[in-house]
Structures are given as C-alpha cells and as structure tokens.
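Text of work-v3.tsv, listed as TSV, C-alpha atoms and all ligand atoms:
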```tsv
chain	number	residue	atom	x	y	z
O	273	MET	CA	-13.93	-7.34	-38.51
O	274	PRO	CA	-12.70	-9.25	-41.55
O	275	GLY	CA	-10.13	-11.92	-40.54
O	276	VAL	CA	-10.63	-11.19	-36.84
O	277	GLU	CA	-13.26	-13.59	-35.59
O	278	ARG	CA	-11.73	-15.26	-32.54
O	279	VAL	CA	-9.62	-12.85	-30.47
O	280	LEU	CA	-7.50	-13.77	-27.46
O	281	VAL	CA	-7.01	-10.71	-25.23
O	282	THR	CA	-4.30	-11.18	-22.61
O	283	GLY	CA	-4.71	-9.00	-19.53
O	284	GLY	CA	-8.34	-8.49	-20.54
O	285	ALA	CA	-9.46	-8.18	-16.90
O	286	GLY	CA	-7.14	-5.20	-16.32
O	287	PHE	CA	-7.93	-1.52	-16.80
O	288	ILE	CA	-7.22	-1.08	-20.52
O	289	GLY	CA	-7.93	-4.72	-21.35
O	290	ALA	CA	-11.46	-4.69	-19.90
O	291	ASN	CA	-12.30	-1.41	-21.64
O	292	PHE	CA	-10.89	-2.82	-24.89
O	293	VAL	CA	-12.93	-6.05	-24.63
O	294	ARG	CA	-16.10	-3.96	-24.17
O	295	HIS	CA	-15.10	-1.89	-27.22
O	296	VAL	CA	-14.59	-5.04	-29.34
O	297	VAL	CA	-17.96	-6.47	-28.25
O	298	THR	CA	-19.70	-3.17	-29.07
O	299	HIS	CA	-18.02	-2.44	-32.40
O	300	THR	CA	-17.38	-5.87	-33.99
O	301	ASP	CA	-18.88	-9.37	-34.23
O	302	ALA	CA	-15.72	-11.05	-32.92
O	303	ARG	CA	-15.79	-13.54	-30.06
O	304	VAL	CA	-13.29	-12.79	-27.30
O	305	THR	CA	-11.38	-15.00	-24.90
O	306	VAL	CA	-9.66	-13.19	-22.05
O	307	LEU	CA	-6.52	-14.80	-20.62
O	308	ASP	CA	-5.72	-13.16	-17.31
O	309	LYS	CA	-3.83	-14.26	-14.20
O	310	LEU	CA	-6.19	-12.16	-12.05
O	311	THR	CA	-3.44	-10.42	-10.10
O	312	TYR	CA	-4.17	-7.66	-7.57
O	313	ALA	CA	-4.65	-5.34	-10.62
O	314	ALA	CA	-7.47	-7.32	-12.26
O	315	SER	CA	-11.18	-6.48	-12.21
O	316	PRO	CA	-13.19	-9.41	-13.54
O	317	GLU	CA	-16.23	-7.37	-12.37
O	318	ALA	CA	-15.58	-5.12	-15.36
O	319	LEU	CA	-16.46	-8.01	-17.71
O	320	ALA	CA	-19.41	-9.39	-15.73
O	321	ASP	CA	-22.21	-7.72	-17.74
O	322	LEU	CA	-20.82	-8.65	-21.18
O	323	PRO	CA	-22.71	-11.39	-23.10
O	324	ALA	CA	-21.46	-14.89	-22.20
O	325	ASP	CA	-21.69	-16.04	-25.85
O	326	ARG	CA	-19.21	-13.29	-26.84
O	327	VAL	CA	-16.71	-13.19	-23.93
O	328	THR	CA	-15.05	-16.05	-22.02
O	329	LEU	CA	-12.61	-15.55	-19.15
O	330	VAL	CA	-9.76	-18.04	-18.72
O	331	THR	CA	-7.67	-17.62	-15.57
O	332	GLY	CA	-4.00	-18.31	-16.34
O	333	ASP	CA	-0.47	-16.99	-16.76
O	334	VAL	CA	0.92	-15.72	-20.08
O	335	ALA	CA	4.32	-17.09	-19.06
O	336	ASP	CA	2.91	-20.66	-18.87
O	337	THR	CA	3.41	-22.45	-22.19
O	338	ALA	CA	0.98	-25.26	-21.33
O	339	THR	CA	-1.83	-22.71	-20.89
O	340	VAL	CA	-0.86	-20.40	-23.73
O	341	ASP	CA	-0.15	-22.79	-26.64
O	342	PRO	CA	-3.59	-24.45	-26.95
O	343	LEU	CA	-5.41	-21.16	-26.36
O	344	VAL	CA	-3.45	-19.31	-29.04
O	345	ALA	CA	-3.99	-22.22	-31.46
O	346	ALA	CA	-7.77	-21.78	-31.04
O	347	HIS	CA	-7.72	-18.08	-32.04
O	348	ASP	CA	-6.90	-16.15	-35.22
O	349	THR	CA	-5.75	-13.00	-33.41
O	350	VAL	CA	-3.96	-12.22	-30.13
O	351	VAL	CA	-3.99	-8.77	-28.54
O	352	HIS	CA	-1.40	-8.73	-25.77
O	353	LEU	CA	-2.04	-6.39	-22.84
O	354	ALA	CA	-1.09	-8.59	-19.88
O	355	ALA	CA	1.67	-6.92	-17.88
O	356	GLU	CA	2.78	-5.76	-14.53
O	357	SER	CA	2.04	-2.09	-15.20
O	358	HIS	CA	2.96	0.13	-12.25
O	359	ASN	CA	6.34	1.90	-12.18
O	360	ASP	CA	6.35	2.32	-8.39
O	361	ASN	CA	5.87	-1.44	-7.90
O	362	SER	CA	8.71	-2.16	-10.32
O	363	LEU	CA	11.05	-0.09	-8.12
O	364	ASP	CA	10.03	-2.13	-5.05
O	365	ASP	CA	10.25	-5.58	-6.72
O	366	PRO	CA	11.28	-5.91	-10.39
O	367	GLU	CA	11.02	-9.72	-10.60
O	368	PRO	CA	7.35	-10.10	-11.66
O	369	PHE	CA	7.94	-7.40	-14.29
O	370	ILE	CA	10.67	-9.46	-15.93
O	371	ARG	CA	8.65	-12.67	-15.72
O	372	THR	CA	5.33	-11.37	-17.02
O	373	ASN	CA	6.42	-8.58	-19.35
O	374	VAL	CA	9.50	-10.22	-20.90
O	375	VAL	CA	9.10	-14.00	-20.47
O	376	GLY	CA	5.30	-13.79	-20.94
O	377	THR	CA	5.74	-11.96	-24.26
O	378	TYR	CA	8.35	-14.53	-25.36
O	379	VAL	CA	5.96	-17.43	-24.57
O	380	LEU	CA	3.16	-15.74	-26.56
O	381	LEU	CA	5.46	-15.04	-29.52
O	382	GLU	CA	6.49	-18.68	-29.69
O	383	ALA	CA	2.82	-19.69	-29.57
O	384	VAL	CA	1.74	-17.30	-32.37
O	385	ARG	CA	4.74	-18.46	-34.42
O	386	LYS	CA	3.56	-22.08	-34.17
O	387	ALA	CA	-0.13	-21.24	-34.75
O	388	ASP	CA	0.48	-18.52	-37.39
O	389	ALA	CA	-1.86	-16.17	-35.51
O	390	ARG	CA	-1.91	-12.39	-35.94
O	391	PHE	CA	-0.31	-10.66	-32.92
O	392	HIS	CA	-0.71	-7.13	-31.63
O	393	HIS	CA	1.57	-6.00	-28.81
O	394	VAL	CA	0.32	-3.20	-26.56
O	395	SER	CA	3.24	-1.14	-25.29
O	396	THR	CA	4.02	2.22	-23.76
O	397	ASP	CA	5.68	5.52	-24.65
O	398	GLU	CA	7.92	5.00	-21.59
O	399	VAL	CA	10.25	2.83	-23.71
O	400	TYR	CA	11.60	6.11	-25.12
O	401	GLY	CA	12.67	7.41	-21.69
O	402	ASP	CA	11.77	11.01	-20.96
O	403	LEU	CA	12.00	14.48	-22.49
O	404	ALA	CA	13.19	17.62	-20.69
O	405	LEU	CA	10.40	19.94	-19.53
O	406	ASP	CA	11.72	22.73	-21.79
O	407	ASP	CA	12.24	20.47	-24.85
O	408	PRO	CA	9.68	21.18	-27.62
O	409	LYS	CA	10.19	17.67	-29.12
O	410	ARG	CA	7.71	14.80	-28.93
O	411	PHE	CA	8.30	11.03	-29.25
O	412	THR	CA	7.95	9.55	-32.75
O	413	GLU	CA	8.26	5.97	-34.05
O	414	ASP	CA	11.95	6.78	-34.75
O	415	THR	CA	12.90	7.98	-31.25
O	416	PRO	CA	15.70	5.78	-29.80
O	417	TYR	CA	14.82	3.48	-26.89
O	418	ARG	CA	16.07	4.78	-23.50
O	419	PRO	CA	13.85	3.30	-20.76
O	420	SER	CA	14.33	4.46	-17.15
O	421	SER	CA	12.53	2.11	-14.75
O	422	PRO	CA	12.44	-1.68	-14.42
O	423	TYR	CA	8.85	-1.49	-15.77
O	424	SER	CA	9.75	0.48	-18.88
O	425	ALA	CA	12.95	-1.52	-19.45
O	426	ALA	CA	10.92	-4.75	-19.35
O	427	LYS	CA	8.36	-3.28	-21.81
O	428	ALA	CA	11.24	-2.14	-24.06
O	429	GLY	CA	12.64	-5.69	-23.96
O	430	SER	CA	9.25	-7.09	-24.97
O	431	ASP	CA	9.02	-4.66	-27.92
O	432	HIS	CA	12.46	-5.81	-29.13
O	433	LEU	CA	11.37	-9.46	-28.90
O	434	VAL	CA	8.31	-8.73	-31.05
O	435	ARG	CA	10.42	-7.03	-33.75
O	436	ALA	CA	12.92	-9.91	-33.70
O	437	TRP	CA	10.12	-12.49	-34.12
O	438	VAL	CA	8.72	-10.48	-37.08
O	439	ARG	CA	12.08	-10.26	-38.81
O	440	SER	CA	13.53	-13.68	-37.96
O	441	PHE	CA	10.41	-15.86	-38.10
O	442	GLY	CA	7.90	-13.89	-40.16
O	443	VAL	CA	5.45	-13.54	-37.26
O	444	ARG	CA	2.54	-11.27	-38.31
O	445	ALA	CA	2.78	-8.64	-35.59
O	446	THR	CA	2.21	-4.94	-34.98
O	447	ILE	CA	3.16	-2.80	-31.95
O	448	SER	CA	1.53	0.27	-30.45
O	449	ASN	CA	3.13	2.57	-27.88
O	450	CYS	CA	0.53	4.64	-26.09
O	451	SER	CA	0.73	7.53	-23.64
O	452	ASN	CA	-0.90	7.68	-20.16
O	453	ASN	CA	-4.49	6.37	-20.12
O	454	TYR	CA	-7.31	7.42	-17.80
O	455	GLY	CA	-10.95	6.36	-17.45
O	456	PRO	CA	-13.16	3.79	-15.68
O	457	TRP	CA	-11.74	0.72	-13.92
O	458	GLN	CA	-8.19	2.13	-13.53
O	459	HIS	CA	-6.55	0.84	-10.35
O	460	VAL	CA	-6.33	3.38	-7.50
O	461	GLU	CA	-2.53	3.00	-7.40
O	462	LYS	CA	-2.34	5.16	-10.57
O	463	PHE	CA	-2.19	8.97	-10.50
O	464	ILE	CA	-5.68	10.12	-11.57
O	465	PRO	CA	-7.78	7.52	-9.68
O	466	ARG	CA	-5.54	7.90	-6.62
O	467	GLN	CA	-6.15	11.65	-6.48
O	468	ILE	CA	-9.91	11.37	-7.19
O	469	THR	CA	-10.35	8.79	-4.43
O	470	GLU	CA	-8.15	10.78	-2.01
O	471	VAL	CA	-10.52	13.72	-2.45
O	472	LEU	CA	-13.62	11.46	-2.19
O	473	GLU	CA	-12.21	10.18	1.13
O	474	GLY	CA	-11.73	13.74	2.41
O	475	ARG	CA	-7.94	13.82	1.99
O	476	ARG	CA	-5.65	15.82	-0.32
O	477	PRO	CA	-4.10	14.85	-3.69
O	478	ARG	CA	-0.48	13.76	-3.28
O	479	LEU	CA	2.09	14.94	-5.82
O	480	TYR	CA	5.54	13.40	-6.09
O	481	GLY	CA	8.46	15.86	-5.87
O	482	ASP	CA	7.50	19.32	-7.14
O	483	GLY	CA	4.53	18.12	-9.25
O	484	GLN	CA	6.00	19.68	-12.43
O	485	GLN	CA	6.38	16.38	-14.36
O	486	VAL	CA	4.33	16.21	-17.56
O	487	ARG	CA	2.24	13.30	-18.83
O	488	ASP	CA	0.31	13.11	-22.14
O	489	TRP	CA	-3.20	11.93	-21.20
O	490	ILE	CA	-5.52	9.90	-23.42
O	491	HIS	CA	-8.97	8.52	-22.59
O	492	VAL	CA	-8.94	4.72	-22.52
O	493	ASP	CA	-11.76	4.57	-25.15
O	494	ASP	CA	-9.52	6.45	-27.58
O	495	HIS	CA	-6.77	3.89	-26.93
O	496	SER	CA	-9.29	1.09	-27.61
O	497	SER	CA	-10.38	2.63	-30.92
O	498	ALA	CA	-6.71	3.00	-31.91
O	499	LEU	CA	-6.07	-0.69	-31.16
O	500	LEU	CA	-9.07	-1.73	-33.27
O	501	THR	CA	-7.92	0.55	-36.11
O	502	ILE	CA	-4.45	-1.05	-36.06
O	503	LEU	CA	-5.94	-4.57	-36.01
O	504	GLU	CA	-8.13	-3.72	-39.00
O	505	HIS	CA	-5.77	-1.58	-41.09
O	506	GLY	CA	-2.26	-1.70	-39.55
O	507	ARG	CA	0.67	-2.86	-41.68
O	508	ILE	CA	2.43	-6.00	-40.41
O	509	GLY	CA	5.80	-5.24	-38.81
O	510	GLU	CA	4.91	-1.59	-38.15
O	511	THR	CA	4.84	0.39	-34.92
O	512	TYR	CA	2.20	3.06	-34.24
O	513	LEU	CA	2.38	5.70	-31.52
O	514	VAL	CA	-0.96	6.46	-29.87
O	515	GLY	CA	-1.64	9.82	-28.21
O	516	ALA	CA	-4.31	12.53	-28.05
O	517	ASP	CA	-2.33	15.77	-27.50
O	518	GLY	CA	-3.18	15.75	-23.80
O	519	GLU	CA	0.03	17.12	-22.24
O	520	ARG	CA	-0.45	18.43	-18.69
O	521	SER	CA	1.77	18.71	-15.62
O	522	ASN	CA	0.74	16.56	-12.66
O	523	LEU	CA	0.06	19.78	-10.77
O	524	GLU	CA	-2.28	21.03	-13.52
O	525	VAL	CA	-4.22	17.75	-13.45
O	526	ALA	CA	-4.47	17.85	-9.65
O	527	ARG	CA	-5.74	21.45	-9.79
O	528	SER	CA	-8.37	20.48	-12.41
O	529	LEU	CA	-9.57	17.56	-10.27
O	530	LEU	CA	-9.79	19.77	-7.17
O	531	ARG	CA	-11.74	22.44	-9.09
O	532	LEU	CA	-14.11	19.87	-10.62
O	533	MET	CA	-14.69	18.36	-7.17
O	534	GLY	CA	-15.46	21.70	-5.55
O	535	ARG	CA	-12.29	22.06	-3.50
O	536	PRO	CA	-9.67	24.89	-3.44
O	537	GLU	CA	-7.11	24.34	-6.24
O	538	ASP	CA	-4.12	24.58	-3.89
O	539	ASP	CA	-5.43	21.92	-1.48
O	540	TYR	CA	-2.75	19.33	-2.40
O	541	GLU	CA	0.36	17.90	-0.74
O	542	LEU	CA	3.89	17.44	-2.09
O	543	VAL	CA	5.30	14.05	-1.03
O	544	ALA	CA	8.50	11.99	-1.53
O	545	ASP	CA	9.56	11.83	-5.19
O	546	ARG	CA	9.69	8.63	-7.27
O	547	ALA	CA	13.27	7.32	-7.79
O	548	GLY	CA	14.45	8.12	-11.33
O	549	HIS	CA	11.17	9.97	-12.01
O	550	ASP	CA	10.68	10.57	-15.76
O	551	GLN	CA	10.15	14.28	-16.40
O	552	ARG	CA	7.99	14.46	-19.49
O	553	TYR	CA	6.29	12.19	-22.03
O	554	ALA	CA	4.78	13.56	-25.25
O	555	ILE	CA	3.47	11.64	-28.28
O	556	GLU	CA	3.43	12.62	-31.95
O	557	SER	CA	0.70	10.34	-33.35
O	558	GLY	CA	0.68	11.61	-36.95
O	559	LYS	CA	1.50	8.20	-38.45
O	560	LEU	CA	-1.58	6.54	-36.94
O	561	ARG	CA	-3.78	9.51	-37.90
O	562	LEU	CA	-2.50	10.03	-41.46
O	563	GLU	CA	-1.89	6.40	-42.53
O	564	LEU	CA	-4.80	4.71	-40.77
O	565	GLY	CA	-7.27	7.60	-40.39
O	566	TRP	CA	-7.60	7.31	-36.58
O	567	GLN	CA	-8.83	10.30	-34.55
O	568	PRO	CA	-9.33	10.61	-30.78
O	569	ARG	CA	-12.89	11.46	-29.67
O	570	PHE	CA	-12.13	12.83	-26.19
O	571	GLY	CA	-10.54	16.19	-27.11
O	572	ASP	CA	-11.35	17.90	-23.83
O	573	LEU	CA	-9.36	16.52	-20.87
O	574	ASP	CA	-11.45	18.36	-18.26
O	575	GLY	CA	-14.63	16.82	-19.73
O	576	GLY	CA	-13.09	13.33	-19.56
O	577	LEU	CA	-11.90	13.97	-15.99
O	578	ALA	CA	-15.40	15.10	-14.94
O	579	GLU	CA	-16.90	11.84	-16.32
O	580	THR	CA	-14.18	9.83	-14.60
O	581	ILE	CA	-14.83	11.55	-11.26
O	582	GLU	CA	-18.53	10.62	-11.56
O	583	TRP	CA	-17.60	7.02	-12.36
O	584	TYR	CA	-15.44	6.74	-9.21
O	585	ARG	CA	-18.21	8.37	-7.12
O	586	ALA	CA	-20.58	5.62	-8.33
O	587	HIS	CA	-18.15	2.68	-7.86
O	588	ARG	CA	-16.90	3.08	-4.28
O	589	ASP	CA	-17.66	-0.60	-3.50
O	590	TRP	CA	-15.19	-1.64	-6.20
O	591	TRP	CA	-12.32	0.68	-5.27
O	592	ALA	CA	-12.58	0.98	-1.47
O	593	PRO	CA	-10.91	-2.37	-0.60
O	594	ARG	CA	-8.16	-1.78	-3.19
O	595	LYS	CA	-7.67	1.73	-1.84
O	596	ALA	CA	-6.97	0.60	1.71
O	597	ALA	CA	-4.21	-1.82	0.66
O	598	THR	CA	-2.71	0.66	-1.83
O	599	GLU	CA	-2.54	3.56	0.64
O	600	ALA	CA	-0.91	1.37	3.31
O	601	ALA	CA	1.91	0.57	0.86
O	602	TYR	CA	2.31	4.24	-0.19
O	603	ALA	CA	2.32	5.42	3.43
O	604	ALA	CA	5.24	3.10	4.22
O	605	LYS	CA	7.26	4.95	1.52
O	606	GLY	CA	6.25	8.47	2.59
O	607	GLN	CA	4.10	8.88	-0.51
Z	701	LIG	P1	-3.36	-3.25	-15.42
Z	701	LIG	O1	-2.29	-3.45	-14.40
Z	701	LIG	O2	-4.59	-2.51	-15.05
Z	701	LIG	O3	-3.84	-4.67	-15.98
Z	701	LIG	C1	-2.94	-5.69	-16.29
Z	701	LIG	C2	-3.71	-7.01	-16.36
Z	701	LIG	O4	-2.78	-8.04	-16.71
Z	701	LIG	C3	-4.37	-7.42	-15.04
Z	701	LIG	O5	-5.69	-7.84	-15.24
Z	701	LIG	C4	-3.51	-8.58	-14.56
Z	701	LIG	O6	-4.21	-9.54	-13.78
Z	701	LIG	C5	-3.02	-9.16	-15.87
Z	701	LIG	N1	-1.77	-9.92	-15.71
Z	701	LIG	C6	-0.66	-9.54	-15.02
Z	701	LIG	N2	0.28	-10.51	-15.08
Z	701	LIG	C7	-0.26	-11.51	-15.85
Z	701	LIG	C8	0.22	-12.76	-16.29
Z	701	LIG	N3	1.45	-13.20	-15.95
Z	701	LIG	N4	-0.57	-13.52	-17.07
Z	701	LIG	C9	-1.82	-13.09	-17.40
Z	701	LIG	N5	-2.33	-11.92	-17.00
Z	701	LIG	C10	-1.56	-11.13	-16.23
Z	701	LIG	O7	-2.63	-2.58	-16.66
Z	701	LIG	P2	-3.20	-1.56	-17.75
Z	701	LIG	O8	-2.96	-0.18	-17.26
Z	701	LIG	O9	-4.54	-1.99	-18.17
Z	701	LIG	O10	-2.15	-1.80	-18.93
Z	701	LIG	C11	-2.40	-2.80	-19.92
Z	701	LIG	C12	-1.27	-2.81	-20.93
Z	701	LIG	O11	-1.18	-1.54	-21.55
Z	701	LIG	C13	0.11	-3.09	-20.34
Z	701	LIG	O12	0.82	-3.91	-21.24
Z	701	LIG	C14	0.76	-1.73	-20.23
Z	701	LIG	O13	2.16	-1.82	-20.34
Z	701	LIG	C15	0.14	-1.03	-21.44
Z	701	LIG	N6	0.03	0.44	-21.34
Z	701	LIG	C16	-0.59	1.00	-20.27
Z	701	LIG	C17	-0.74	2.39	-20.22
Z	701	LIG	C18	-1.46	3.06	-19.08
Z	701	LIG	O14	-1.50	4.30	-19.04
Z	701	LIG	N7	-2.08	2.35	-18.15
Z	701	LIG	C19	-0.23	3.18	-21.25
Z	701	LIG	C20	0.42	2.56	-22.33
Z	701	LIG	C21	0.54	1.18	-22.37
Z	702	LIG	O1	0.34	9.59	-6.12
Z	702	LIG	C1	0.96	9.87	-7.14
Z	702	LIG	N1	1.49	11.11	-7.27
Z	702	LIG	C2	2.20	11.51	-8.37
Z	702	LIG	O2	2.65	12.65	-8.44
Z	702	LIG	C3	1.14	8.92	-8.23
Z	702	LIG	C4	0.56	7.54	-8.13
Z	702	LIG	C5	1.83	9.33	-9.34
Z	702	LIG	N2	2.36	10.58	-9.41
Z	702	LIG	C6	3.04	11.02	-10.65
Z	702	LIG	C7	4.08	10.09	-11.23
Z	702	LIG	C8	3.96	10.39	-12.72
Z	702	LIG	O3	4.68	11.57	-13.02
Z	702	LIG	O4	2.00	11.10	-11.64
Z	702	LIG	C9	2.48	10.70	-12.93
Z	702	LIG	C10	1.67	9.50	-13.42
Z	702	LIG	O5	1.98	8.40	-12.57
Z	702	LIG	P1	1.38	6.92	-12.84
Z	702	LIG	O6	-0.10	7.00	-12.85
Z	702	LIG	O7	2.05	6.00	-11.88
Z	702	LIG	O8	1.81	6.67	-14.35
Z	702	LIG	P2	3.24	6.60	-15.10
Z	702	LIG	O9	4.33	6.26	-14.16
Z	702	LIG	O10	3.36	7.85	-15.91
Z	702	LIG	O11	2.97	5.32	-16.04
Z	702	LIG	C11	1.68	5.15	-16.69
Z	702	LIG	O12	1.72	5.51	-18.03
Z	702	LIG	C12	2.44	4.68	-18.91
Z	702	LIG	C13	1.19	3.72	-16.56
Z	702	LIG	O13	1.14	3.35	-15.18
Z	702	LIG	C14	2.05	2.77	-17.34
Z	702	LIG	O14	1.54	1.44	-17.27
Z	702	LIG	C15	2.07	3.23	-18.76
Z	702	LIG	O15	2.97	2.44	-19.49
```

Represent the structure contained in this file as structure tokens.
Amino acid sequence: MPGVERVLVTGGAGFIGANFVRHVVTHTDARVTVLDKLTYAASPEALADLPADRVTLVTGDVADTATVDPLVAAHDTVVHLAAESHNDNSLDDPEPFIRTNVVGTYVLLEAVRKADARFHHVSTDEVYGDLALDDPKRFTEDTPYRPSSPYSAAKAGSDHLVRAWVRSFGVRATISNCSNNYGPWQHVEKFIPRQITEVLEGRRPRLYGDGQQVRDWIHVDDHSSALLTILEHGRIGETYLVGADGERSNLEVARSLLRLMGRPEDDYELVADRAGHDQRYAIESGKLRLELGWQPRFGDLDGGLAETIEWYRAHRDWWAPRKAATEAAYAAKGQ
C-alpha cells in the first residue's frame, strides 16, 4: 500500500482487529504492530500463525501515554480498534468504557498529532441511536448523533474528538462507522457466537425481550476490506458508513442458525430484555461504494452463518473457557 508501510493496529488481538491484521498481511506488504491490553476480549491465538517478520504484538494500554507516544512515532499509520465493545457490559460498569474508548482515543490523537501519523478511527453505527422498526430510513453520514448506551455514548465521544483534532490541529484522520459484524474469533458474549455455542452445548438460543429488534449484519472480512479501501483511497477528514444490506431481526437470525444446525426453528427462549435496548440499526453505505468503489463479498447471510457455525464447531478449545465465564454472568441477570 503506497504510504502505508508501518501500521500500528490498536485492539489488534480482538475480534475485528485480528481479522483485519490477517487481511493486511494477506493483501499488502505492510508490517503491522498490534497494541493490545489483552483484556478478557482478546485472542492473541488469532495472530499466532501470522509471520513474525510481518506482525509484532505489544501488550499495553491505549490510555497510557508512555506506551503510546513512542509506538506511534515509529509508525506511519494508526488504525484504532481498541475499545471496550459490549453494550451489556457497559450497562453493568461504564467506567472502563470511558477510560478506554474516550481517554484512549484522546491519548492516541495527541500522539498522532505530535508524530504527524495518518489515523483511522474504527467506530460504530450505534452512535446514531436507533430507528423504529417501521421506519424505512437508514443511517447516513449526515444522521444526527443520538447514542443510547454508555458504550455507544463513549464511541460517539471518541468520534467527536477525532473530528475536533482534524479541524483544530490538522490531524490526518478518517472515521468509519460500521454495522454489526460476525465471523471467526468473535467473543461468545456477542449475539451470533452466543447462540451458535448455546446450540453446540445442547441448549437453546436466548433472545432478549420479544426478539424483534433488527441488526444490519456484515461479515468481518467485508469490514476489513472496507477499512483497507479507506486507508488507501479515503479523503482526510471524511466519515464513511460501512454496511452490507444485511438487515435481519434477532429472531430471524436465531431461526436461521437453528435450521442450519438441524434443530427446530422455534427451539429458542425469550429472556430478560436489555435496558434501553436499541430497536433497529440500518446502514446506507452508498458513499463508500460510489466514491471509493468498495463492494461487500459476502452477499448471502445464511452462507456466512453456515461458515461461522463450522468455525465454532472446529474451535471449541478456544471458546469453551470463555463460554463458562460469560454464561455465569448472563445467568445472574436472567439472560
Ligand atoms: P473486541 O472486544 O473483540 O476487541 C477489542 C480489543 O481491544 C481486545 O483485544 C482488547 O484486549 C483490546 N483493548 C481493550 N481495551 C484496551 C486498551 N485500553 N488498550 C489496548 N487494547 C485494549 O471488539 P471488536 O468487536 O473487535 O471491536 C473492535 C472495534 O470495532 C471497536 O472499536 C468497536 O467499537 C468497533 N466496532 C465493532 C463492531 C462489532 O460488530 N463488533 C461494529 C462496529 C464497530
Ligand atoms: O444473548 C443475546 N440475545 C439477544 O437477543 C445477546 C448477546 C444479544 N441479543 C440481542 C441484542 C441486540 O439486539 O442481539 C442483538 C445483537 O447484540 P450484540 O451482539 O450484543 O450486539 P449490539 O449490541 O448490536 O452491538 C454490536 O454491534 C455494534 C457490537 O457488540 C458493538 O461493538 C458494535 O459497535
């Protein structure tokens, strides 16, 4: 990639980060340093088979200036994925969300300002709040910010910091706001891997509330290709929405998973709802497609889900210990 030779990927041992690092190694000649605190959500295993002369893992906190400043100075590009990422956790304890998502982004922005590095901020469609189930609209780059949860409010705050550092200090940054990702290495606390592993353990998928909430699903490899496209061709100061027209209700996804796994489609349970549960997310990604020529490759959600089910079948040793701890926490909340 021209101009992108030494890339620092924060949160590169997490779900999207690890898939993105693999994508960069496969599709470019860049050398990658991962900066990751290795929280409960990290999977350094996901990086283990990548070539050591292309990928280096540094364990550290994005909110720690002493760690961040010298690392950023040694790279031409920073792709920022490190975050506390789970809405349910942010309802139980918001503090790490403020520290990592807001303060961590501030520390990185100050570092890229000093080093004059290119910065890409990976954010979420949740900053726009939610849409009603019967509303035909989708989110665009012009939708006003209206976040609902401590997680999405912290991500919204981090987006605002990035825009302020572009305008006030001339930092060379772009932002992307992506819809719900699925694919390999996603933590079992999240909806799709939780339901797949429930079924693999002989239990039933667990839907919050009435299961009618809608999410707009994208395969993580399509998110990775969008991030690379923005790094290569994105205009500084711009925001790009990333989505693959994958709107489905949670109930529809659960039914698909049950069918693909050979179980009756109504073999699910309705459990306690999430506080402040966002009803619907939907992304209009025309700007990224028309201006930068990006296209998703995984058009068929059921095909992507079938591959993901097979991946979880083959990686029980990785998810089983995480599953036990995650389910104990959900059980305490009636979920
Ligand atoms: P994840 O929870 O799987 O991974 C997050 C990673 O960040 C982990 O490896 C963790 O150890 C690391 N981390 C956490 N705090 C850190 C800190 N203080 N310093 C350094 N590293 C730290 O999350 P994910 O689902 O891969 O999401 C990655 C990014 O993409 C996040 O910024 C998230 O907001 C954004 N995003 C996620 C989705 C999604 O559907 N998962 C959709 C849109 C945007
Ligand atoms: O067991 C469950 N049952 C259930 O019905 C779980 C874990 C979730 N849900 C519902 C809540 C949501 O409507 O499924 C939907 C998806 O839930 P999550 O996987 O927790 O994702 P969401 O809250 O939509 O946020 C995700 O997408 C945007 C990521 O976790 C965020 O990091 C990203 O920013």

A straight line from atom O9 of ligand LIG 702 (chain Z) to atom CA of O:Ile464 spans 11.0 Å

Please identify every polymer residue within 6 Å of ligand LIG 702 (chain Z), using all atoms listed in the file, and present the set as a PyMOL selection string.
-> chain O and resi 357-359+396+398+451-452+461-463+478-480+483+485+522

Written selection (C-alpha atoms) as an mmCIF file, keeping the file's coordinate frame:
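Done, and the output landed in part_2.cif:
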```cif
data_model
loop_
_atom_site.group_PDB
_atom_site.id
_atom_site.type_symbol
_atom_site.label_atom_id
_atom_site.label_comp_id
_atom_site.auth_asym_id
_atom_site.auth_seq_id
_atom_site.Cartn_x
_atom_site.Cartn_y
_atom_site.Cartn_z
ATOM 1 C CA SER O 357 2.040 -2.090 -15.200
ATOM 2 C CA HIS O 358 2.960 0.130 -12.250
ATOM 3 C CA ASN O 359 6.340 1.900 -12.180
ATOM 4 C CA THR O 396 4.020 2.220 -23.760
ATOM 5 C CA GLU O 398 7.920 5.000 -21.590
ATOM 6 C CA SER O 451 0.730 7.530 -23.640
ATOM 7 C CA ASN O 452 -0.900 7.680 -20.160
ATOM 8 C CA GLU O 461 -2.530 3.000 -7.400
ATOM 9 C CA LYS O 462 -2.340 5.160 -10.570
ATOM 10 C CA PHE O 463 -2.190 8.970 -10.500
ATOM 11 C CA ARG O 478 -0.480 13.760 -3.280
ATOM 12 C CA LEU O 479 2.090 14.940 -5.820
ATOM 13 C CA TYR O 480 5.540 13.400 -6.090
ATOM 14 C CA GLY O 483 4.530 18.120 -9.250
ATOM 15 C CA GLN O 485 6.380 16.380 -14.360
ATOM 16 C CA ASN O 522 0.740 16.560 -12.660
#
```

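Distance annotation: of O:Pro419, O:Thr412, O:Val304, O:Val492, the residue with the minimal separation from ligand LIG 701 (chain Z) is O:Val492; atom set is only C-alpha atoms and all ligand atoms.
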
Could you give me, as a ChimeraX atom specification, every polymer residue with an atom at most 8 Å away from an atom of ligand LIG 701 (chain Z), counting only C-alpha atoms and all ligand atoms?
-> /O:282-290,307-316,331-335,352-358,368,371-373,376,393-398,427,449-454,457-459

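When atom CA of O:Glu473 is paired with atom CA of O:Ala578, their separation reads 17.1 Å.
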
Using all atoms listed in the file, which residues sit within 8 Å of O:His505 once same-chain residues fewer than 3 positions away are excluded, as an MDAnalysis selection string?
-> chainID O and resid 501:502 564

What is the atom CA of O:Trp437-atom CA of O:His392 distance in Å, reported with one decimal?
-> 12.3 Å
